file start-v5.cif (mmCIF, C-alpha atoms and all ligand atoms)
data_structure
#
loop_
_atom_site.label_atom_id
_atom_site.label_comp_id
_atom_site.auth_asym_id
_atom_site.auth_seq_id
_atom_site.Cartn_x
_atom_site.Cartn_y
_atom_site.Cartn_z
CA MET V 1 52.70 172.30 134.78
CA LYS V 2 53.92 170.48 137.86
CA THR V 3 57.24 170.95 139.61
CA ILE V 4 58.80 168.18 141.67
CA THR V 5 61.81 167.34 143.79
CA LEU V 6 63.01 163.73 143.76
CA ILE V 7 65.20 161.73 146.11
CA GLY V 8 66.41 158.29 145.06
CA SER V 9 66.70 159.42 141.44
CA THR V 10 69.26 156.84 140.29
CA GLY V 11 67.27 153.79 141.45
CA SER V 12 64.70 151.89 139.46
CA ILE V 13 61.70 154.02 140.51
CA GLY V 14 63.75 157.22 140.32
CA LYS V 15 64.78 156.60 136.72
CA GLN V 16 61.22 155.77 135.70
CA THR V 17 59.99 158.89 137.50
CA LEU V 18 62.34 160.94 135.33
CA ASP V 19 61.00 159.15 132.22
CA VAL V 20 57.52 160.35 133.20
CA CYS V 21 58.88 163.87 133.79
CA ARG V 22 60.49 163.85 130.32
CA LYS V 23 57.31 162.72 128.63
CA HIS V 24 55.04 165.20 130.37
CA ASN V 25 57.40 168.18 130.71
CA ILE V 26 57.42 168.12 134.48
CA THR V 27 60.00 170.47 136.01
CA VAL V 28 62.50 168.86 138.37
CA ARG V 29 64.03 171.24 140.93
CA ALA V 30 66.28 168.88 142.87
CA LEU V 31 67.61 165.32 142.79
CA ALA V 32 69.33 163.03 145.26
CA ALA V 33 71.08 159.67 145.10
CA TYR V 34 73.07 157.48 147.45
CA SER V 35 76.42 157.38 145.64
CA SER V 36 75.86 157.02 141.86
CA THR V 37 77.64 160.25 141.02
CA ALA V 38 77.98 159.79 137.23
CA LEU V 39 74.29 159.14 136.68
CA LEU V 40 73.28 161.83 139.15
CA GLU V 41 75.47 164.30 137.26
CA SER V 42 73.88 163.51 133.90
CA GLN V 43 70.36 163.70 135.38
CA ALA V 44 71.18 167.02 137.05
CA ARG V 45 72.47 168.49 133.79
CA GLU V 46 69.58 167.18 131.70
CA PHE V 47 66.90 168.57 134.01
CA SER V 48 68.88 171.75 134.91
CA VAL V 49 68.10 171.28 138.57
CA GLU V 50 68.95 173.80 141.27
CA LYS V 51 70.27 171.32 143.82
CA VAL V 52 71.57 167.78 144.07
CA CYS V 53 72.32 165.74 147.15
CA VAL V 54 74.67 162.79 147.29
CA TYR V 55 73.81 160.91 150.48
CA SER V 56 77.18 159.24 150.99
CA ASP V 57 79.67 161.72 152.53
CA GLY V 58 82.54 160.03 150.74
CA HIS V 59 81.17 161.11 147.35
CA TYR V 60 80.51 164.75 148.17
CA LEU V 61 83.77 166.24 146.88
CA GLU V 62 83.63 164.21 143.68
CA MET V 63 80.07 165.40 143.07
CA ARG V 64 81.09 169.01 143.58
CA GLU V 65 83.90 168.61 141.08
CA ARG V 66 81.60 167.00 138.53
CA LEU V 67 79.21 169.95 138.68
CA ALA V 68 81.84 172.67 139.23
CA ASP V 69 81.09 174.32 135.86
CA THR V 70 77.36 174.60 136.66
CA GLY V 71 75.53 176.71 139.20
CA ILE V 72 74.03 173.58 140.77
CA LYS V 73 74.29 173.48 144.55
CA VAL V 74 75.67 170.19 145.90
CA LEU V 75 74.45 168.88 149.26
CA CYS V 76 75.13 165.69 151.17
CA GLY V 77 73.81 163.40 153.91
CA MET V 78 70.47 163.46 155.68
CA GLU V 79 70.69 167.23 155.97
CA GLY V 80 70.85 167.47 152.19
CA LEU V 81 67.86 165.13 151.71
CA CYS V 82 65.85 167.23 154.16
CA GLU V 83 66.84 170.50 152.47
CA ILE V 84 65.48 169.07 149.22
CA ALA V 85 62.33 167.81 150.97
CA SER V 86 61.63 171.27 152.37
CA ASP V 87 61.74 173.09 149.00
CA LYS V 88 58.38 174.83 149.01
CA ARG V 89 58.58 175.77 145.36
CA ALA V 90 57.90 172.12 144.49
CA ASP V 91 54.28 170.95 144.14
CA LEU V 92 55.31 167.44 144.98
CA PHE V 93 58.17 165.75 146.82
CA VAL V 94 58.86 162.31 145.33
CA ASN V 95 60.52 159.92 147.75
CA SER V 96 61.93 156.79 146.11
CA VAL V 97 64.86 156.00 148.37
CA VAL V 98 65.20 152.48 149.78
CA GLY V 99 64.85 151.87 153.50
CA MET V 100 64.06 153.77 156.67
CA VAL V 101 66.38 156.57 155.64
CA GLY V 102 63.31 157.95 153.82
CA LEU V 103 61.31 158.65 156.98
CA LEU V 104 62.83 161.97 158.06
CA PRO V 105 62.73 163.56 154.57
CA THR V 106 59.05 162.55 154.29
CA LEU V 107 58.27 164.15 157.66
CA THR V 108 60.20 167.26 156.60
CA ALA V 109 58.17 167.67 153.40
CA ILE V 110 54.94 167.19 155.36
CA GLU V 111 55.93 169.81 157.96
CA ASN V 112 56.50 172.21 155.08
CA GLY V 113 53.04 171.52 153.67
CA ILE V 114 54.35 169.82 150.52
CA ASP V 115 52.43 166.88 149.03
CA VAL V 116 54.40 163.63 148.91
CA ALA V 117 54.50 160.89 146.27
CA LEU V 118 55.76 157.93 148.22
CA ALA V 119 57.58 154.94 146.77
CA ASN V 120 59.52 154.48 150.01
CA LYS V 121 57.27 152.01 151.82
CA GLU V 122 59.61 151.71 154.82
CA THR V 123 58.59 155.28 155.74
CA LEU V 124 55.03 154.17 156.46
CA VAL V 125 56.05 150.86 157.97
CA ALA V 126 58.38 152.43 160.50
CA GLY V 127 56.45 155.57 161.29
CA GLY V 128 53.02 155.25 159.65
CA HIS V 129 51.05 156.63 162.57
CA ILE V 130 53.32 159.68 162.84
CA VAL V 131 53.39 160.30 159.08
CA MET V 132 49.62 160.06 158.65
CA SER V 133 48.75 162.24 161.63
CA GLU V 134 51.31 164.89 160.57
CA ALA V 135 49.96 164.77 157.02
CA GLU V 136 46.43 165.36 158.27
CA LYS V 137 47.55 168.18 160.54
CA ASN V 138 49.39 169.91 157.68
CA GLY V 139 46.76 169.28 154.99
CA VAL V 140 49.22 167.22 152.95
CA THR V 141 48.20 164.44 150.56
CA ILE V 142 50.31 161.29 150.26
CA TYR V 143 50.14 159.78 146.78
CA PRO V 144 51.18 156.12 146.79
CA ILE V 145 53.64 154.97 144.12
CA ASP V 146 53.61 151.33 145.19
CA SER V 147 51.55 149.56 142.49
CA GLU V 148 49.17 147.89 144.97
CA HIS V 149 48.53 151.07 146.92
CA SER V 150 48.13 153.10 143.76
CA ALA V 151 45.55 150.49 142.71
CA ILE V 152 43.66 150.81 146.00
CA PHE V 153 43.87 154.62 145.79
CA GLN V 154 42.43 154.45 142.25
CA CYS V 155 39.63 152.06 143.31
CA LEU V 156 38.66 154.46 146.10
CA GLN V 157 38.26 157.48 143.78
CA GLY V 158 34.67 158.72 143.92
CA ASN V 159 33.81 156.37 146.79
CA ASP V 160 33.27 157.05 150.47
CA PRO V 161 36.14 155.40 152.41
CA LYS V 162 33.64 154.69 155.21
CA ARG V 163 31.79 152.34 152.85
CA VAL V 164 34.77 150.01 152.48
CA ASN V 165 34.43 146.44 153.78
CA LYS V 166 37.93 145.34 153.04
CA ILE V 167 41.00 145.86 150.94
CA ILE V 168 42.19 143.00 148.78
CA LEU V 169 45.95 143.39 148.55
CA THR V 170 47.33 141.29 145.73
CA ALA V 171 50.72 139.62 145.62
CA SER V 172 52.60 137.91 142.80
CA GLY V 173 53.73 135.15 145.15
CA GLY V 174 57.34 135.79 144.11
CA PRO V 175 59.82 133.42 142.49
CA PHE V 176 59.33 130.73 145.17
CA PHE V 177 55.56 130.45 145.05
CA GLY V 178 54.34 126.94 145.86
CA LEU V 179 57.61 125.85 147.48
CA LYS V 180 57.95 124.72 151.09
CA LYS V 181 60.64 125.65 153.60
CA TYR V 182 62.78 122.56 153.04
CA GLU V 183 62.91 123.43 149.33
CA LEU V 184 64.19 126.92 150.10
CA GLU V 185 67.20 125.94 152.19
CA ASP V 186 69.76 126.35 149.42
CA VAL V 187 68.31 129.33 147.57
CA THR V 188 71.09 131.44 146.05
CA VAL V 189 71.24 135.21 145.71
CA GLU V 190 70.84 134.83 141.93
CA GLN V 191 67.70 132.70 142.29
CA ALA V 192 66.19 135.16 144.76
CA LEU V 193 66.95 138.08 142.45
CA ASN V 194 65.08 136.47 139.56
CA HIS V 195 61.51 137.80 139.87
CA PRO V 196 58.95 136.39 137.42
CA ASN V 197 56.92 139.57 136.69
CA TRP V 198 58.53 142.76 137.96
CA SER V 199 61.92 144.24 137.30
CA MET V 200 63.00 146.15 140.42
CA GLY V 201 65.94 147.12 142.61
CA ASN V 202 67.85 144.45 144.60
CA LYS V 203 66.39 145.10 148.06
CA ILE V 204 62.76 144.97 146.96
CA THR V 205 63.41 141.94 144.76
CA ILE V 206 64.71 139.98 147.75
CA ASP V 207 61.76 141.29 149.79
CA SER V 208 59.47 139.92 147.06
CA ALA V 209 61.13 136.50 147.24
CA THR V 210 60.70 136.30 151.05
CA LEU V 211 57.22 137.93 150.83
CA MET V 212 58.54 140.57 153.25
CA ASN V 213 57.52 143.02 150.57
CA LYS V 214 53.88 141.95 150.92
CA GLY V 215 54.17 142.16 154.69
CA LEU V 216 55.52 145.70 154.44
CA GLU V 217 52.73 146.57 152.00
CA PHE V 218 50.16 145.15 154.40
CA ILE V 219 51.40 147.58 157.06
CA GLU V 220 51.65 150.38 154.49
CA ALA V 221 48.00 149.82 153.46
CA ARG V 222 46.86 149.85 157.07
CA TRP V 223 48.25 153.39 157.52
CA LEU V 224 47.61 154.88 154.09
CA PHE V 225 43.95 153.92 154.01
CA GLY V 226 43.22 153.86 157.74
CA VAL V 227 41.85 150.31 157.71
CA SER V 228 42.16 147.77 160.48
CA PRO V 229 44.60 144.92 159.68
CA ARG V 230 41.61 142.53 160.00
CA ASN V 231 40.08 144.18 156.96
CA ILE V 232 43.02 143.61 154.65
CA GLU V 233 43.09 140.31 152.77
CA ILE V 234 46.21 139.21 150.91
CA VAL V 235 45.49 137.31 147.69
CA VAL V 236 48.10 135.92 145.31
CA ASN V 237 47.51 136.82 141.65
CA ARG V 238 50.29 134.99 139.85
CA GLU V 239 50.13 137.15 136.73
CA SER V 240 50.45 140.52 138.56
CA VAL V 241 47.63 141.95 136.45
CA VAL V 242 45.14 142.70 139.22
CA HIS V 243 47.15 145.22 141.22
CA SER V 244 44.71 145.20 144.15
CA ALA V 245 40.99 145.65 144.79
CA VAL V 246 38.50 147.12 147.24
CA GLU V 247 35.30 145.49 148.47
CA PHE V 248 32.52 147.94 149.40
CA LYS V 249 29.47 147.60 151.67
CA ASP V 250 27.29 146.28 148.85
CA PHE V 251 29.91 143.55 148.13
CA SER V 252 30.78 145.18 144.87
CA VAL V 253 34.51 144.72 144.30
CA ILE V 254 36.45 147.26 142.26
CA ALA V 255 39.87 146.17 141.05
CA GLN V 256 42.55 148.05 139.14
CA MET V 257 44.34 146.17 136.38
CA GLY V 258 47.17 146.82 133.98
CA VAL V 259 50.40 145.29 132.77
CA PRO V 260 52.99 144.98 135.55
CA ASP V 261 54.86 148.23 134.86
CA MET V 262 55.66 150.82 137.53
CA LYS V 263 55.26 153.68 135.05
CA ILE V 264 51.48 153.53 135.49
CA PRO V 265 51.44 154.12 139.27
CA ILE V 266 54.32 156.63 139.03
CA GLN V 267 52.52 158.66 136.38
CA TYR V 268 49.23 158.52 138.27
CA ALA V 269 50.91 159.94 141.38
CA LEU V 270 52.68 162.66 139.39
CA LEU V 271 49.77 163.76 137.21
CA TYR V 272 46.88 163.12 139.63
CA PRO V 273 44.00 163.54 138.94
CA GLU V 274 44.79 163.64 135.20
CA ARG V 275 45.14 160.53 133.09
CA GLU V 276 47.44 160.89 130.10
CA GLU V 277 49.00 158.40 127.72
CA CYS V 278 51.67 156.32 129.42
CA ASP V 279 54.66 154.59 127.80
CA VAL V 280 53.62 151.03 128.65
CA LYS V 281 52.20 148.07 126.77
CA PRO V 282 48.39 148.10 126.83
CA LEU V 283 46.83 145.24 128.77
CA SER V 284 45.42 142.47 126.61
CA LEU V 285 43.29 140.21 128.81
CA THR V 286 42.90 137.70 126.00
CA ASP V 287 46.70 137.40 125.68
CA TYR V 288 46.72 136.39 129.33
CA GLY V 289 43.66 134.15 128.89
CA THR V 290 43.57 133.11 132.54
CA LEU V 291 44.19 134.96 135.78
CA THR V 292 44.90 132.75 138.77
CA PHE V 293 44.35 133.49 142.46
CA PHE V 294 45.63 131.72 145.58
CA ARG V 295 45.87 132.11 149.34
CA PRO V 296 49.32 133.17 150.57
CA ASP V 297 51.43 130.60 152.41
CA PHE V 298 51.99 132.06 155.89
CA GLU V 299 53.69 128.85 157.09
CA THR V 300 56.53 128.96 154.59
CA PHE V 301 57.04 132.69 154.44
CA ASP V 302 58.00 133.82 157.95
CA CYS V 303 58.53 137.42 156.87
CA LEU V 304 54.90 137.71 155.83
CA SER V 305 53.48 136.24 159.04
CA GLY V 306 56.02 138.31 161.01
CA CYS V 307 54.78 141.56 159.50
CA VAL V 308 51.14 140.70 160.15
CA GLU V 309 51.98 139.90 163.75
CA ALA V 310 54.01 143.11 164.07
CA ILE V 311 51.16 145.37 162.97
CA ASN V 312 48.68 143.48 165.15
CA ARG V 313 50.94 144.02 168.15
CA GLY V 314 51.48 147.62 167.16
CA GLY V 315 53.89 150.03 168.85
CA ALA V 316 57.43 149.86 167.53
CA TYR V 317 57.14 146.28 166.24
CA PRO V 318 56.56 147.21 162.59
CA CYS V 319 59.68 149.39 162.75
CA ILE V 320 61.59 146.54 164.40
CA VAL V 321 60.73 143.88 161.82
CA ASN V 322 61.51 146.33 159.04
CA ALA V 323 64.95 147.21 160.43
CA VAL V 324 65.76 143.55 161.13
CA ASN V 325 64.83 142.73 157.55
CA GLU V 326 66.96 145.58 156.14
CA GLU V 327 69.99 144.22 157.98
CA ALA V 328 69.21 140.60 157.09
CA VAL V 329 68.73 141.34 153.38
CA GLY V 330 72.09 143.13 153.32
CA LEU V 331 73.72 140.08 154.90
CA PHE V 332 72.02 137.70 152.47
CA LEU V 333 73.09 139.79 149.46
CA ASN V 334 76.66 139.66 150.83
CA ARG V 335 76.27 135.87 151.07
CA GLU V 336 76.79 135.97 154.84
CA ILE V 337 73.52 134.27 155.81
CA PRO V 338 71.24 131.75 154.05
CA PHE V 339 67.92 132.79 152.52
CA LEU V 340 65.69 131.29 155.24
CA LYS V 341 67.66 133.10 157.95
CA ILE V 342 66.01 136.38 156.88
CA GLY V 343 62.57 135.17 157.97
CA GLU V 344 63.99 133.44 161.01
CA LEU V 345 65.52 136.72 162.23
CA VAL V 346 62.31 138.63 161.58
CA ARG V 347 60.25 136.13 163.62
CA LYS V 348 62.83 135.89 166.37
CA SER V 349 63.00 139.66 166.83
CA LEU V 350 59.28 139.65 167.71
CA ASP V 351 59.96 137.20 170.53
CA ARG V 352 63.20 138.70 171.75
CA LEU V 353 62.72 142.45 171.63
CA PRO V 354 60.53 144.10 174.27
CA GLU V 355 57.76 146.57 173.57
CA MET V 356 59.18 150.01 172.94
CA PRO V 357 57.53 153.41 172.61
CA SER V 358 56.90 154.67 169.09
CA ASP V 359 55.28 158.06 169.58
CA THR V 360 58.03 160.25 168.14
CA TYR V 361 60.69 160.12 165.45
CA GLU V 362 63.30 159.67 168.21
CA ASP V 363 61.38 156.66 169.58
CA ILE V 364 61.38 155.14 166.10
CA LYS V 365 65.13 155.70 165.77
CA ARG V 366 65.74 153.99 169.12
CA ALA V 367 63.65 150.97 168.11
CA GLU V 368 65.50 150.83 164.79
CA ILE V 369 68.90 150.80 166.52
CA ALA V 370 67.75 148.08 168.96
CA ALA V 371 66.59 145.98 166.00
CA ARG V 372 69.85 146.40 164.07
CA ASN V 373 71.84 145.52 167.20
CA PHE V 374 69.70 142.44 167.65
CA VAL V 375 70.70 141.18 164.18
CA PHE V 376 74.34 142.01 164.82
CA ASN V 377 74.33 140.02 168.06
CA GLU V 378 72.46 137.07 166.53
CA ILE V 379 74.96 136.79 163.69
CA ASN V 380 78.17 137.43 165.59
CA PHE V 381 77.67 135.43 168.77
MG MG V 401 54.22 146.76 145.46
#
call {"tool": "encode", "arguments": {"input": "start-v5.cif", "output": "structure tokens", "more": "lines below"}}
Ligand code: MG
result
Amino acid sequence: MKTITLIGSTGSIGKQTLDVCRKHNITVRALAAYSSTALLESQAREFSVEKVCVYSDGHYLEMRERLADTGIKVLCGMEGLCEIASDKRADLFVNSVVGMVGLLPTLTAIENGIDVALANKETLVAGGHIVMSEAEKNGVTIYPIDSEHSAIFQCLQGNDPKRVNKIILTASGGPFFGLKKYELEDVTVEQALNHPNWSMGNKITIDSATLMNKGLEFIEARWLFGVSPRNIEIVVNRESVVHSAVEFKDFSVIAQMGVPDMKIPIQYALLYPEREECDVKPLSLTDYGTLTFFRPDFETFDCLSGCVEAINRGGAYPCIVNAVNEEAVGLFLNREIPFLKIGELVRKSLDRLPEMPSDTYEDIKRAEIAARNFVFNEINF
């Protein structure tokens, strides 16, 4: 039976990961959350974990009090996340935190030779080249939890990666599919949070509305599967049934399908290579009747074209657009900037910020800070 550690346990992916653990009797050794102490406490008690980490310093004492009658060790901050990531008694480190905060814990698990199940796409966007080369050096496997990347990973099973022509990365198109910029000027937070197919956390739901999510996934796919950006095609599948596909040398295309439910990719990453029953609705193609496919609209969705440009330029630019987006999404959710400003800031950062080195974690941090400062200056002056 497998043993895991999990950071980001109170978010959408974290909760579903624990559902999979419950169903398949997977042992959980440690959990971490940002600040949801009540839920973290109940998860920690249910799974009798050894350690928990609450990332926010301000919640540390409360968390200790909550678990005072147990032997559970309480950690906090980045140090706590990295202590969990370095637990060598786990077979798998599951990273489902949101944002670039996930990069250092991922690198820590890799250095310790622990396989990683990665739902934290910002890790690969910001530091993909470092993560993949460290993983290779340490003989660590990265199992994707993102539905598209899980699909690609599944399509590649039993095939030689050198025989791949291209990856077909599918997108739902988001809630604003078919609309033009002038129609998106007055989009509210509520409208942007209303995704047609997937139920997800706030940050990724906004990223899906701006298509930033697809841009980040484009970069993620480039690193995870070692393909050139030229060989990744983005295709909109409005129904979110085809989760992605791979075209091989003989022009045979293998796609992975299923209902849009994250439990399937989560369970595949946790139980790999086994396939067991999953608590989701089976896919009925005849209920759908029709699957529709479209080209993405790079003109309207600046975040998407910004990400493609960032990975083509290389260096620290993927990290920069990601950090700019993280700041911009926070501002939009606080109703401080309009919806279209997110894409505008992403595009502008590519023009305004100079090339920066990206060889080490410290380089990445510097680029991240420059990007966050750029947003701050754009908004305040
Ligand atoms: Mg995805």
call {"tool": "closest_residue", "arguments": {"input": "start-v5.cif", "among": "V:Arg335, V:His243, V:His195, V:Arg29", "to": "ligand MG 401 (chain V)", "atoms": "only C-alpha atoms and all ligand atoms"}}
result
V:His243
call {"tool": "residues_around", "arguments": {"input": "start-v5.cif", "residues": "V:Lys249", "least_positions_apart": "5", "cutoff": "8 Å", "atoms": "all atoms listed in the file", "output": "PyMOL selection string"}}
result
chain V and resi 163-165
call {"tool": "write_last_selection", "arguments": {"input": "start-v5.cif", "atoms": "C-alpha atoms", "output": "short mmCIF file (atom, residue, chain, number, x, y, z; two decimals), in the coordinates of the input"}}
result
data_model
loop_
_atom_site.label_atom_id
_atom_site.label_comp_id
_atom_site.auth_asym_id
_atom_site.auth_seq_id
_atom_site.Cartn_x
_atom_site.Cartn_y
_atom_site.Cartn_z
CA ARG V 163 31.79 152.34 152.85
CA VAL V 164 34.77 150.01 152.48
CA ASN V 165 34.43 146.44 153.78
#
call {"tool": "residues_near_ligand", "arguments": {"input": "start-v5.cif", "ligand": "ligand MG 401 (chain V)", "cutoff": "6 Å", "atoms": "only C-alpha atoms and all ligand atoms", "output": "ChimeraX atom specification"}}
result
/V:146-148
call {"tool": "write_last_selection", "arguments": {"input": "start-v5.cif", "atoms": "C-alpha atoms", "output": "JSON list (two decimals), keeping the file's coordinate frame"}}
result
[["chain", "number", "residue", "atom", "x", "y", "z"],
["V", 146, "ASP", "CA", 53.61, 151.33, 145.19],
["V", 147, "SER", "CA", 51.55, 149.56, 142.49],
["V", 148, "GLU", "CA", 49.17, 147.89, 144.97]]
call {"tool": "closest_residue", "arguments": {"input": "start-v5.cif", "among": "V:Gly58, V:Val329, V:Met262, V:Ala221", "to": "V:Ser199", "atoms": "all atoms listed in the file"}}
result
V:Met262
call {"tool": "residues_around", "arguments": {"input": "start-v5.cif", "residues": "stretch 88-96 of chain V", "least_positions_apart": "6", "cutoff": "6 Å", "atoms": "all atoms listed in the file", "output": "list in words"}}
result
Thr3, Ile4, Thr5, Leu6, Ile7, Gly8, Asp115, Val116, Ala117, Leu118, Ala119 and Asn120 of chain V
call {"tool": "write_last_selection", "arguments": {"input": "start-v5.cif", "atoms": "C-alpha atoms", "output": "PDB file, in the frame of the given file"}}
result
ATOM      1  CA  THR V   3      57.240 170.950 139.610  1.00  0.00           C
ATOM      2  CA  ILE V   4      58.800 168.180 141.670  1.00  0.00           C
ATOM      3  CA  THR V   5      61.810 167.340 143.790  1.00  0.00           C
ATOM      4  CA  LEU V   6      63.010 163.730 143.760  1.00  0.00           C
ATOM      5  CA  ILE V   7      65.200 161.730 146.110  1.00  0.00           C
ATOM      6  CA  GLY V   8      66.410 158.290 145.060  1.00  0.00           C
ATOM      7  CA  ASP V 115      52.430 166.880 149.030  1.00  0.00           C
ATOM      8  CA  VAL V 116      54.400 163.630 148.910  1.00  0.00           C
ATOM      9  CA  ALA V 117      54.500 160.890 146.270  1.00  0.00           C
ATOM     10  CA  LEU V 118      55.760 157.930 148.220  1.00  0.00           C
ATOM     11  CA  ALA V 119      57.580 154.940 146.770  1.00  0.00           C
ATOM     12  CA  ASN V 120      59.520 154.480 150.010  1.00  0.00           C
TER      13      ASN V 120
END
call {"tool": "residues_around", "arguments": {"input": "start-v5.cif", "residues": "V:Met356", "least_positions_apart": "5", "cutoff": "7 Å", "atoms": "all atoms listed in the file", "output": "PyMOL selection string"}}
result
chain V and resi 315-316+367
call {"tool": "residues_around", "arguments": {"input": "start-v5.cif", "residues": "V:Ala255", "least_positions_apart": "2", "cutoff": "7 Å", "atoms": "only C-alpha atoms", "output": "PyMOL selection string"}}
result
chain V and resi 155+242+244-246+253+257
call {"tool": "residues_around", "arguments": {"input": "start-v5.cif", "residues": "stretch 11-19 of chain V", "least_positions_apart": "6", "cutoff": "7 Å", "atoms": "all atoms listed in the file", "output": "MDAnalysis selection string"}}
result
chainID V and resid 96 200:201 263 266
call {"tool": "atom_distance", "arguments": {"input": "start-v5.cif", "atom1": "atom CA of V:Leu193", "atom2": "atom CA of V:Val97"}}
result
19.0 Å
call {"tool": "closest_residue", "arguments": {"input": "start-v5.cif", "among": "V:Ile152, V:Glu239, V:Ile168, V:Leu31", "to": "V:Leu291", "atoms": "all atoms listed in the file"}}
result
V:Glu239
call {"tool": "axis_aligned_box", "arguments": {"input": "start-v5.cif", "around": "stretch 289-302 of chain V", "padding_each_side": "4 Å", "output": "lines of an AutoDock Vina configuration file"}}
result
center_x = 50.8
center_y = 131.9
center_z = 143.4
size_x = 22.4
size_y = 14.1
size_z = 37.1
call {"tool": "atom_distance", "arguments": {"input": "start-v5.cif", "atom1": "atom CA of V:Leu169", "atom2": "atom CA of V:Val235"}}
result
6.2 Å
call {"tool": "atom_distance", "arguments": {"input": "start-v5.cif", "atom1": "atom CA of V:Asn237", "atom2": "atom CA of V:Asp186"}}
result
25.8 Å
call {"tool": "closest_residue", "arguments": {"input": "start-v5.cif", "among": "V:Leu107, V:Ile379, V:Val346, V:Ala33", "to": "V:Cys76", "atoms": "only C-alpha atoms"}}
result
V:Ala33
call {"tool": "closest_residue", "arguments": {"input": "start-v5.cif", "among": "V:Arg275, V:Lys181, V:Lys365, V:His59", "to": "V:Glu344", "atoms": "only C-alpha atoms"}}
result
V:Lys181
call {"tool": "closest_atom_pairs", "arguments": {"input": "start-v5.cif", "of": "stretch 296-348 of chain V", "to": "stretch 202-208 of chain V", "cutoff": "12 Å", "atoms": "all atoms listed in the file", "output": "tab-separated table"}}
result
residue	atom	partner	partner_atom	distance
V:Phe301	CA	V:Ser208	CA	10.6
V:Asp302	CA	V:Asp207	CA	11.7
V:Cys303	CA	V:Asp207	CA	8.7
V:Leu304	CA	V:Asp207	CA	9.8
V:Cys307	CA	V:Asp207	CA	12.0
V:Asn322	CA	V:Asp207	CA	10.5
V:Asn325	CA	V:Asp207	CA	8.5
V:Glu326	CA	V:Lys203	CA	8.1
V:Glu327	CA	V:Lys203	CA	10.6
V:Ala328	CA	V:Ile206	CA	10.4
V:Val329	CA	V:Lys203	CA	6.9
V:Gly330	CA	V:Lys203	CA	8.0
V:Leu331	CA	V:Lys203	CA	11.2
V:Phe332	CA	V:Ile206	CA	9.0
V:Leu333	CA	V:Asn202	CA	8.5
V:Asn334	CA	V:Asn202	CA	11.8
V:Phe339	CA	V:Ile206	CA	9.2
V:Leu340	CA	V:Ile206	CA	11.5
V:Ile342	CA	V:Asp207	CA	9.6
V:Gly343	CA	V:Asp207	CA	10.2
call {"tool": "write_last_selection", "arguments": {"input": "start-v5.cif", "atoms": "C-alpha atoms", "output": "short mmCIF file (atom, residue, chain, number, x, y, z; two decimals), keeping the file's coordinate frame"}}
result
data_model
loop_
_atom_site.label_atom_id
_atom_site.label_comp_id
_atom_site.auth_asym_id
_atom_site.auth_seq_id
_atom_site.Cartn_x
_atom_site.Cartn_y
_atom_site.Cartn_z
CA PHE V 301 57.04 132.69 154.44
CA ASP V 302 58.00 133.82 157.95
CA CYS V 303 58.53 137.42 156.87
CA LEU V 304 54.90 137.71 155.83
CA CYS V 307 54.78 141.56 159.50
CA ASN V 322 61.51 146.33 159.04
CA ASN V 325 64.83 142.73 157.55
CA GLU V 326 66.96 145.58 156.14
CA GLU V 327 69.99 144.22 157.98
CA ALA V 328 69.21 140.60 157.09
CA VAL V 329 68.73 141.34 153.38
CA GLY V 330 72.09 143.13 153.32
CA LEU V 331 73.72 140.08 154.90
CA PHE V 332 72.02 137.70 152.47
CA LEU V 333 73.09 139.79 149.46
CA ASN V 334 76.66 139.66 150.83
CA PHE V 339 67.92 132.79 152.52
CA LEU V 340 65.69 131.29 155.24
CA ILE V 342 66.01 136.38 156.88
CA GLY V 343 62.57 135.17 157.97
#
call {"tool": "residues_near_point", "arguments": {"input": "start-v5.cif", "point": "(63.4, 139.2, 167.8)", "cutoff": "12 Å", "atoms": "all atoms listed in the file", "output": "PyMOL selection string"}}
result
chain V and resi 306+310+317-325+342-355+367+370-378
